[in-house]
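S.K.: This is the structure I have questions about; it appears just below.
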Amino acid sequence: MTATVIDGKAFAARVREKVGGHVARLKQEHGITPGLAVVLVGEDPASQVYVRSKGKMTVEVGMSSYEHKLDVDTAEADLLALIDTLNNDPAVHGILVQLPLPKHMNEDLVINAIDPAKDVDGFHISNVGLLGTGQKSMVPCTPLGCLMMLRDHHGSLSGMDAVVIGRSNIVGKPMAQLLLGESCTVTIAHSRTKDLADVVRRADIVVAAVGRPEMVPGDWIKEGATVIDVGINRIDAPEKGEGKTRLVGDCHYDSCAEKAGAITPVPGGVGPMTIACLLANTVTACSRANGLPEPEGLTV
Ligand SMILES: Nc1nc2c(c(=O)[nH]1)N[C@@H](CN(C=O)c1ccc(C(=O)N[C@@H](CCC(=O)O)C(=O)O)cc1)CN2
């Protein structure tokens, strides 16, 4: 079997187009411009790229972008004070603090200082609790993007066996909650799981989010299963020349694509959906804050 490639880049472009349409209606019909504030602490090169990309795409869909770049030595109290200001700013409907934060900061404390209604990352403990109990919440962007692609490919996911490899708060746990909400039978596997290969072989849907390059080989994949690869790992690529690197996922693409029915590539799969869903969450947060109907198809 040769897998259908789920094109996350093209899917993300369609999501951004939908967001742009909703932003235009908010402006024309209600005089409201959604605003997203992104806070970056320090100079981590990858985070700088992501934050720049977020700002650019925010503006492209017609929203206001507010970027706050803080020195790596910023005191936690100063970051908390900035969050408080953004919480009380009516022009800001979404707040995102780029992770990871410098070591001297307590990530949980910082995230939980964000107004849950503006928490477009969906990481605040209130949103985690709402998602876990099946109530309306802000949904973390990466799992939301994965779910959108799965729903688009399969329609109903009801009754399917899903294995999520990885138990992070940002991807693994919320992904499992979302799949449960779709009436999948969900297993969360992790570094201590016994007989991981056998667990994965049972799955109709495999979501790999462990951060280990090419850890999942094709012979773990059930014939026809759908593979969603969340991993983005940079590895050496001597075949491209000295000192060159390339991106790979948590799944060994070529061998998994031989067995799977559908698969997301890396790059160009889940990654682009993360920023598209951030924009979707911001327009959703803005609509909710103004008591207006939520955009259809942009949240769960
Ligand atoms: N507050 C948050 N911090 C972080 C999040 C997050 O969702 N919220 N996620 C990641 C980083 N991230 C967005 O912030 C992100 C990662 C990857 C991509 C992406 O499009 N990747 C491309 C490849 C990019 C490359 O060439 O290096 C792809 O997969 O095709 C977008 C956003 C951690 N921090």
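By order in the structure tokens, chains are A, B, ...; within a chain, residues start at 1; ligands start at 1, following the order shown.
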For ligand 1, collect every residue having any atom at a distance of at most 10 Å from a ligand atom (counting only C-alpha atoms and all ligand atoms); output as JSON, numbers by chain.
M.R.: {"A": [7, 8, 9, 12, 38, 39, 40, 46, 47, 48, 49, 50, 51, 53, 54, 95, 96, 97, 98, 99, 100, 101, 111, 119, 120, 121, 122, 123, 140, 141, 142, 143, 170, 171, 229, 230, 231, 232, 233, 234, 246, 247, 248, 249, 264, 265, 266, 267, 268, 269, 270, 271, 272, 273, 274, 275, 276, 277, 278]}
S.K.: Extract the full set of helix (DSSP H, G or I) residues from region 5-244 of chain A according to DSSP on the backbone, and format it as a PDB file with C-alpha atoms, in the first residue's frame.
M.R.:
```pdb
ATOM      1  CA  GLY A   8      -0.616  20.065   6.143  1.00  0.00           C
ATOM      2  CA  LYS A   9       0.743  23.084   4.316  1.00  0.00           C
ATOM      3  CA  ALA A  10      -2.202  23.222   1.907  1.00  0.00           C
ATOM      4  CA  PHE A  11      -4.673  22.421   4.714  1.00  0.00           C
ATOM      5  CA  ALA A  12      -3.220  25.213   6.862  1.00  0.00           C
ATOM      6  CA  ALA A  13      -3.584  27.674   3.980  1.00  0.00           C
ATOM      7  CA  ARG A  14      -7.299  26.786   3.757  1.00  0.00           C
ATOM      8  CA  VAL A  15      -7.721  27.254   7.529  1.00  0.00           C
ATOM      9  CA  ARG A  16      -6.043  30.679   7.316  1.00  0.00           C
ATOM     10  CA  GLU A  17      -8.341  31.628   4.453  1.00  0.00           C
ATOM     11  CA  LYS A  18     -11.380  30.730   6.583  1.00  0.00           C
ATOM     12  CA  VAL A  19      -9.948  32.738   9.492  1.00  0.00           C
ATOM     13  CA  GLY A  20      -9.403  35.699   7.156  1.00  0.00           C
ATOM     14  CA  GLY A  21     -13.042  35.521   6.019  1.00  0.00           C
ATOM     15  CA  HIS A  22     -14.285  35.564   9.590  1.00  0.00           C
ATOM     16  CA  VAL A  23     -11.963  38.438  10.523  1.00  0.00           C
ATOM     17  CA  ALA A  24     -13.311  40.446   7.566  1.00  0.00           C
ATOM     18  CA  ARG A  25     -16.906  39.855   8.761  1.00  0.00           C
ATOM     19  CA  LEU A  26     -16.017  40.885  12.327  1.00  0.00           C
ATOM     20  CA  LYS A  27     -14.558  44.117  10.968  1.00  0.00           C
ATOM     21  CA  GLN A  28     -17.310  44.911   8.467  1.00  0.00           C
ATOM     22  CA  GLU A  29     -20.338  43.912  10.517  1.00  0.00           C
ATOM     23  CA  HIS A  30     -19.170  44.756  14.047  1.00  0.00           C
ATOM     24  CA  PRO A  45      16.704  30.861  17.334  1.00  0.00           C
ATOM     25  CA  ALA A  46      13.834  28.447  16.593  1.00  0.00           C
ATOM     26  CA  SER A  47      11.435  30.419  18.833  1.00  0.00           C
ATOM     27  CA  GLN A  48      12.419  33.637  17.040  1.00  0.00           C
ATOM     28  CA  VAL A  49      11.495  32.031  13.694  1.00  0.00           C
ATOM     29  CA  TYR A  50       8.131  30.785  15.004  1.00  0.00           C
ATOM     30  CA  VAL A  51       7.275  34.149  16.586  1.00  0.00           C
ATOM     31  CA  ARG A  52       8.155  36.034  13.387  1.00  0.00           C
ATOM     32  CA  SER A  53       6.017  33.638  11.400  1.00  0.00           C
ATOM     33  CA  LYS A  54       3.099  34.039  13.825  1.00  0.00           C
ATOM     34  CA  GLY A  55       3.263  37.843  13.557  1.00  0.00           C
ATOM     35  CA  LYS A  56       3.396  37.773   9.756  1.00  0.00           C
ATOM     36  CA  MET A  57       0.453  35.385   9.387  1.00  0.00           C
ATOM     37  CA  THR A  58      -1.588  37.263  11.991  1.00  0.00           C
ATOM     38  CA  VAL A  59      -1.315  40.415   9.886  1.00  0.00           C
ATOM     39  CA  GLU A  60      -1.963  38.485   6.647  1.00  0.00           C
ATOM     40  CA  GLU A  76       9.490  36.517  36.252  1.00  0.00           C
ATOM     41  CA  ALA A  77       7.591  39.298  38.058  1.00  0.00           C
ATOM     42  CA  ASP A  78       8.068  41.582  35.033  1.00  0.00           C
ATOM     43  CA  LEU A  79       6.700  38.932  32.676  1.00  0.00           C
ATOM     44  CA  LEU A  80       3.707  38.452  34.999  1.00  0.00           C
ATOM     45  CA  ALA A  81       3.153  42.232  35.014  1.00  0.00           C
ATOM     46  CA  LEU A  82       3.144  42.277  31.191  1.00  0.00           C
ATOM     47  CA  ILE A  83       0.619  39.414  31.117  1.00  0.00           C
ATOM     48  CA  ASP A  84      -1.586  41.348  33.538  1.00  0.00           C
ATOM     49  CA  THR A  85      -1.485  44.379  31.223  1.00  0.00           C
ATOM     50  CA  LEU A  86      -2.389  42.220  28.204  1.00  0.00           C
ATOM     51  CA  ASN A  87      -5.201  40.506  30.178  1.00  0.00           C
ATOM     52  CA  GLU A 107       6.192  27.824  33.103  1.00  0.00           C
ATOM     53  CA  ASP A 108       3.027  26.703  34.941  1.00  0.00           C
ATOM     54  CA  LEU A 109       2.867  29.915  36.964  1.00  0.00           C
ATOM     55  CA  VAL A 110       3.307  32.047  33.842  1.00  0.00           C
ATOM     56  CA  ILE A 111       0.740  30.149  31.751  1.00  0.00           C
ATOM     57  CA  PRO A 116      -8.228  31.671  30.293  1.00  0.00           C
ATOM     58  CA  ALA A 117     -10.539  33.399  27.779  1.00  0.00           C
ATOM     59  CA  LYS A 118      -7.448  34.838  26.031  1.00  0.00           C
ATOM     60  CA  ILE A 125      -5.282  24.828  33.832  1.00  0.00           C
ATOM     61  CA  SER A 126      -8.928  25.963  33.372  1.00  0.00           C
ATOM     62  CA  ASN A 127      -8.825  25.127  29.676  1.00  0.00           C
ATOM     63  CA  VAL A 128      -7.140  21.801  30.423  1.00  0.00           C
ATOM     64  CA  GLY A 129      -9.968  20.989  32.856  1.00  0.00           C
ATOM     65  CA  LEU A 130     -12.694  22.096  30.442  1.00  0.00           C
ATOM     66  CA  LEU A 131     -11.245  19.969  27.629  1.00  0.00           C
ATOM     67  CA  GLY A 132     -10.867  16.989  29.971  1.00  0.00           C
ATOM     68  CA  CYS A 141      -3.128  24.322  18.587  1.00  0.00           C
ATOM     69  CA  THR A 142      -1.075  21.275  17.571  1.00  0.00           C
ATOM     70  CA  PRO A 143      -3.628  18.647  18.680  1.00  0.00           C
ATOM     71  CA  LEU A 144      -6.436  20.761  17.198  1.00  0.00           C
ATOM     72  CA  GLY A 145      -4.591  20.771  13.865  1.00  0.00           C
ATOM     73  CA  CYS A 146      -4.128  16.990  14.026  1.00  0.00           C
ATOM     74  CA  LEU A 147      -7.822  16.492  14.745  1.00  0.00           C
ATOM     75  CA  MET A 148      -8.864  18.757  11.868  1.00  0.00           C
ATOM     76  CA  MET A 149      -6.743  16.690   9.468  1.00  0.00           C
ATOM     77  CA  LEU A 150      -8.072  13.391  10.857  1.00  0.00           C
ATOM     78  CA  ARG A 151     -11.701  14.522  10.603  1.00  0.00           C
ATOM     79  CA  ASP A 152     -11.116  15.780   7.071  1.00  0.00           C
ATOM     80  CA  HIS A 153      -9.573  12.465   6.008  1.00  0.00           C
ATOM     81  CA  HIS A 154     -11.940  10.058   7.767  1.00  0.00           C
ATOM     82  CA  GLY A 172       0.001  13.945  23.980  1.00  0.00           C
ATOM     83  CA  LYS A 173      -2.564  14.474  26.745  1.00  0.00           C
ATOM     84  CA  PRO A 174      -4.831  16.969  24.917  1.00  0.00           C
ATOM     85  CA  MET A 175      -4.620  14.853  21.746  1.00  0.00           C
ATOM     86  CA  ALA A 176      -5.842  11.827  23.698  1.00  0.00           C
ATOM     87  CA  GLN A 177      -8.728  13.888  25.155  1.00  0.00           C
ATOM     88  CA  LEU A 178      -9.747  15.093  21.701  1.00  0.00           C
ATOM     89  CA  LEU A 179      -9.703  11.559  20.268  1.00  0.00           C
ATOM     90  CA  LEU A 180     -11.765  10.347  23.225  1.00  0.00           C
ATOM     91  CA  GLY A 181     -14.215  13.142  22.420  1.00  0.00           C
ATOM     92  CA  LEU A 196       5.272  -0.564  22.311  1.00  0.00           C
ATOM     93  CA  ALA A 197       5.497  -2.179  18.869  1.00  0.00           C
ATOM     94  CA  ASP A 198       2.514  -4.441  19.656  1.00  0.00           C
ATOM     95  CA  VAL A 199       0.522  -1.546  21.090  1.00  0.00           C
ATOM     96  CA  VAL A 200       1.117   0.551  17.963  1.00  0.00           C
ATOM     97  CA  ARG A 201       0.313  -2.411  15.653  1.00  0.00           C
ATOM     98  CA  GLY A 218       7.014   0.918   9.244  1.00  0.00           C
ATOM     99  CA  ASP A 219       6.710  -2.608  10.612  1.00  0.00           C
ATOM    100  CA  TRP A 220       4.918  -1.200  13.704  1.00  0.00           C
ATOM    101  CA  PRO A 238      26.057  14.228   5.497  1.00  0.00           C
ATOM    102  CA  GLU A 239      24.556  13.050   2.172  1.00  0.00           C
ATOM    103  CA  LYS A 240      23.614  16.724   1.536  1.00  0.00           C
TER     104      LYS A 240
END
```
S.K.: So which residues touch region 226-228 of chain A within 7 Å, counting only C-alpha atoms, skipping near sequence neighbours fewer than 4 positions away, as a PyMOL selection string?
M.R.: chain A and resi 204-208+260-264
S.K.: DSSP on the backbone, strand (DSSP E) only: what residues of region 38-259 of chain A does that give? Format it as a PDB file with N, CA and C atoms, in the first residue's frame.
M.R.:
```
ATOM      1  N   VAL A  38       1.902  38.170  21.183  1.00  0.00           N
ATOM      2  CA  VAL A  38       2.848  37.065  21.345  1.00  0.00           C
ATOM      3  C   VAL A  38       4.035  37.571  22.150  1.00  0.00           C
ATOM      4  N   VAL A  39       4.377  36.830  23.190  1.00  0.00           N
ATOM      5  CA  VAL A  39       5.480  37.231  24.076  1.00  0.00           C
ATOM      6  C   VAL A  39       6.635  36.248  23.904  1.00  0.00           C
ATOM      7  N   LEU A  40       7.798  36.778  23.594  1.00  0.00           N
ATOM      8  CA  LEU A  40       9.003  35.949  23.476  1.00  0.00           C
ATOM      9  C   LEU A  40      10.024  36.409  24.513  1.00  0.00           C
ATOM     10  N   VAL A  41      10.478  35.471  25.329  1.00  0.00           N
ATOM     11  CA  VAL A  41      11.515  35.799  26.309  1.00  0.00           C
ATOM     12  C   VAL A  41      12.806  35.114  25.861  1.00  0.00           C
ATOM     13  N   SER A  64      -4.735  42.233  14.266  1.00  0.00           N
ATOM     14  CA  SER A  64      -3.651  43.058  14.804  1.00  0.00           C
ATOM     15  C   SER A  64      -2.664  42.154  15.539  1.00  0.00           C
ATOM     16  N   SER A  65      -1.379  42.424  15.307  1.00  0.00           N
ATOM     17  CA  SER A  65      -0.339  41.620  15.954  1.00  0.00           C
ATOM     18  C   SER A  65       0.453  42.499  16.915  1.00  0.00           C
ATOM     19  N   TYR A  66       0.601  42.047  18.142  1.00  0.00           N
ATOM     20  CA  TYR A  66       1.389  42.777  19.144  1.00  0.00           C
ATOM     21  C   TYR A  66       2.516  41.855  19.597  1.00  0.00           C
ATOM     22  N   GLU A  67       3.751  42.240  19.280  1.00  0.00           N
ATOM     23  CA  GLU A  67       4.901  41.398  19.652  1.00  0.00           C
ATOM     24  C   GLU A  67       5.626  42.010  20.833  1.00  0.00           C
ATOM     25  N   HIS A  68       5.906  41.201  21.828  1.00  0.00           N
ATOM     26  CA  HIS A  68       6.648  41.679  23.004  1.00  0.00           C
ATOM     27  C   HIS A  68       7.883  40.813  23.163  1.00  0.00           C
ATOM     28  N   LYS A  69       9.052  41.421  22.931  1.00  0.00           N
ATOM     29  CA  LYS A  69      10.298  40.666  23.044  1.00  0.00           C
ATOM     30  C   LYS A  69      11.013  41.093  24.315  1.00  0.00           C
ATOM     31  N   LEU A  70      11.228  40.143  25.197  1.00  0.00           N
ATOM     32  CA  LEU A  70      11.852  40.445  26.482  1.00  0.00           C
ATOM     33  C   LEU A  70      13.234  39.798  26.543  1.00  0.00           C
ATOM     34  N   GLY A  94      -6.183  37.464  22.177  1.00  0.00           N
ATOM     35  CA  GLY A  94      -5.409  36.247  22.378  1.00  0.00           C
ATOM     36  C   GLY A  94      -4.020  36.581  22.891  1.00  0.00           C
ATOM     37  N   ILE A  95      -3.546  35.772  23.857  1.00  0.00           N
ATOM     38  CA  ILE A  95      -2.196  35.956  24.410  1.00  0.00           C
ATOM     39  C   ILE A  95      -1.460  34.622  24.296  1.00  0.00           C
ATOM     40  N   LEU A  96      -0.234  34.683  23.802  1.00  0.00           N
ATOM     41  CA  LEU A  96       0.592  33.470  23.713  1.00  0.00           C
ATOM     42  C   LEU A  96       1.986  33.784  24.234  1.00  0.00           C
ATOM     43  N   VAL A  97       2.451  32.981  25.156  1.00  0.00           N
ATOM     44  CA  VAL A  97       3.835  33.088  25.623  1.00  0.00           C
ATOM     45  C   VAL A  97       4.602  31.951  24.966  1.00  0.00           C
ATOM     46  N   ASP A 161      -9.435   2.602  16.850  1.00  0.00           N
ATOM     47  CA  ASP A 161      -8.387   2.426  17.865  1.00  0.00           C
ATOM     48  C   ASP A 161      -7.293   3.450  17.606  1.00  0.00           C
ATOM     49  N   ALA A 162      -7.053   4.335  18.582  1.00  0.00           N
ATOM     50  CA  ALA A 162      -6.038   5.375  18.407  1.00  0.00           C
ATOM     51  C   ALA A 162      -4.942   5.200  19.452  1.00  0.00           C
ATOM     52  N   VAL A 163      -3.686   5.265  19.010  1.00  0.00           N
ATOM     53  CA  VAL A 163      -2.566   5.242  19.949  1.00  0.00           C
ATOM     54  C   VAL A 163      -1.823   6.572  19.833  1.00  0.00           C
ATOM     55  N   VAL A 164      -1.701   7.253  20.964  1.00  0.00           N
ATOM     56  CA  VAL A 164      -0.930   8.495  21.020  1.00  0.00           C
ATOM     57  C   VAL A 164       0.391   8.140  21.695  1.00  0.00           C
ATOM     58  N   ILE A 165       1.501   8.342  20.993  1.00  0.00           N
ATOM     59  CA  ILE A 165       2.809   8.056  21.611  1.00  0.00           C
ATOM     60  C   ILE A 165       3.360   9.378  22.124  1.00  0.00           C
ATOM     61  N   THR A 185     -11.214   4.624  20.752  1.00  0.00           N
ATOM     62  CA  THR A 185     -10.661   3.898  21.898  1.00  0.00           C
ATOM     63  C   THR A 185      -9.198   4.318  21.962  1.00  0.00           C
ATOM     64  N   VAL A 186      -8.811   5.001  23.062  1.00  0.00           N
ATOM     65  CA  VAL A 186      -7.521   5.693  23.067  1.00  0.00           C
ATOM     66  C   VAL A 186      -6.523   5.048  24.029  1.00  0.00           C
ATOM     67  N   THR A 187      -5.318   4.829  23.539  1.00  0.00           N
ATOM     68  CA  THR A 187      -4.205   4.395  24.384  1.00  0.00           C
ATOM     69  C   THR A 187      -3.147   5.495  24.356  1.00  0.00           C
ATOM     70  N   ILE A 188      -2.636   5.870  25.535  1.00  0.00           N
ATOM     71  CA  ILE A 188      -1.491   6.783  25.571  1.00  0.00           C
ATOM     72  C   ILE A 188      -0.259   5.941  25.887  1.00  0.00           C
ATOM     73  N   ALA A 189       0.664   5.894  24.936  1.00  0.00           N
ATOM     74  CA  ALA A 189       1.906   5.142  25.151  1.00  0.00           C
ATOM     75  C   ALA A 189       3.031   6.129  25.447  1.00  0.00           C
ATOM     76  N   ILE A 205      -5.262   4.613  14.147  1.00  0.00           N
ATOM     77  CA  ILE A 205      -4.694   5.960  14.090  1.00  0.00           C
ATOM     78  C   ILE A 205      -3.472   5.981  15.013  1.00  0.00           C
ATOM     79  N   VAL A 206      -2.331   6.419  14.488  1.00  0.00           N
ATOM     80  CA  VAL A 206      -1.129   6.572  15.314  1.00  0.00           C
ATOM     81  C   VAL A 206      -0.755   8.040  15.310  1.00  0.00           C
ATOM     82  N   VAL A 207      -0.662   8.631  16.510  1.00  0.00           N
ATOM     83  CA  VAL A 207      -0.169  10.005  16.623  1.00  0.00           C
ATOM     84  C   VAL A 207       1.162   9.929  17.368  1.00  0.00           C
ATOM     85  N   ALA A 208       2.241  10.284  16.677  1.00  0.00           N
ATOM     86  CA  ALA A 208       3.570  10.173  17.300  1.00  0.00           C
ATOM     87  C   ALA A 208       4.043  11.554  17.733  1.00  0.00           C
ATOM     88  N   THR A 226      -3.750   5.317   9.755  1.00  0.00           N
ATOM     89  CA  THR A 226      -3.414   6.726   9.509  1.00  0.00           C
ATOM     90  C   THR A 226      -2.324   7.154  10.489  1.00  0.00           C
ATOM     91  N   VAL A 227      -1.254   7.716   9.968  1.00  0.00           N
ATOM     92  CA  VAL A 227      -0.105   8.106  10.801  1.00  0.00           C
ATOM     93  C   VAL A 227       0.013   9.627  10.820  1.00  0.00           C
ATOM     94  N   ILE A 228      -0.106  10.182  12.026  1.00  0.00           N
ATOM     95  CA  ILE A 228       0.042  11.630  12.201  1.00  0.00           C
ATOM     96  C   ILE A 228       1.353  11.853  12.951  1.00  0.00           C
ATOM     97  N   ASP A 229       2.311  12.441  12.273  1.00  0.00           N
ATOM     98  CA  ASP A 229       3.656  12.593  12.844  1.00  0.00           C
ATOM     99  C   ASP A 229       3.850  14.023  13.348  1.00  0.00           C
ATOM    100  N   ASN A 233      12.280  16.942  14.129  1.00  0.00           N
ATOM    101  CA  ASN A 233      13.645  16.733  14.653  1.00  0.00           C
ATOM    102  C   ASN A 233      14.661  17.076  13.571  1.00  0.00           C
ATOM    103  N   ARG A 234      15.651  17.847  13.962  1.00  0.00           N
ATOM    104  CA  ARG A 234      16.710  18.188  12.997  1.00  0.00           C
ATOM    105  C   ARG A 234      17.866  17.208  13.200  1.00  0.00           C
ATOM    106  N   ILE A 235      18.240  16.517  12.117  1.00  0.00           N
ATOM    107  CA  ILE A 235      19.351  15.543  12.211  1.00  0.00           C
ATOM    108  C   ILE A 235      20.420  15.869  11.171  1.00  0.00           C
ATOM    109  N   ASP A 236      21.611  15.343  11.411  1.00  0.00           N
ATOM    110  CA  ASP A 236      22.704  15.544  10.450  1.00  0.00           C
ATOM    111  C   ASP A 236      22.348  14.883   9.127  1.00  0.00           C
ATOM    112  N   THR A 245      22.023  19.648   7.540  1.00  0.00           N
ATOM    113  CA  THR A 245      21.034  18.942   8.367  1.00  0.00           C
ATOM    114  C   THR A 245      19.726  18.810   7.584  1.00  0.00           C
ATOM    115  N   ARG A 246      18.822  17.981   8.109  1.00  0.00           N
ATOM    116  CA  ARG A 246      17.479  17.897   7.531  1.00  0.00           C
ATOM    117  C   ARG A 246      16.479  17.602   8.649  1.00  0.00           C
ATOM    118  N   LEU A 247      15.194  17.875   8.358  1.00  0.00           N
ATOM    119  CA  LEU A 247      14.152  17.637   9.352  1.00  0.00           C
ATOM    120  C   LEU A 247      13.537  16.264   9.139  1.00  0.00           C
ATOM    121  N   VAL A 248      13.346  15.542  10.231  1.00  0.00           N
ATOM    122  CA  VAL A 248      12.610  14.272  10.158  1.00  0.00           C
ATOM    123  C   VAL A 248      11.579  14.243  11.289  1.00  0.00           C
TER     124      VAL A 248
END
```
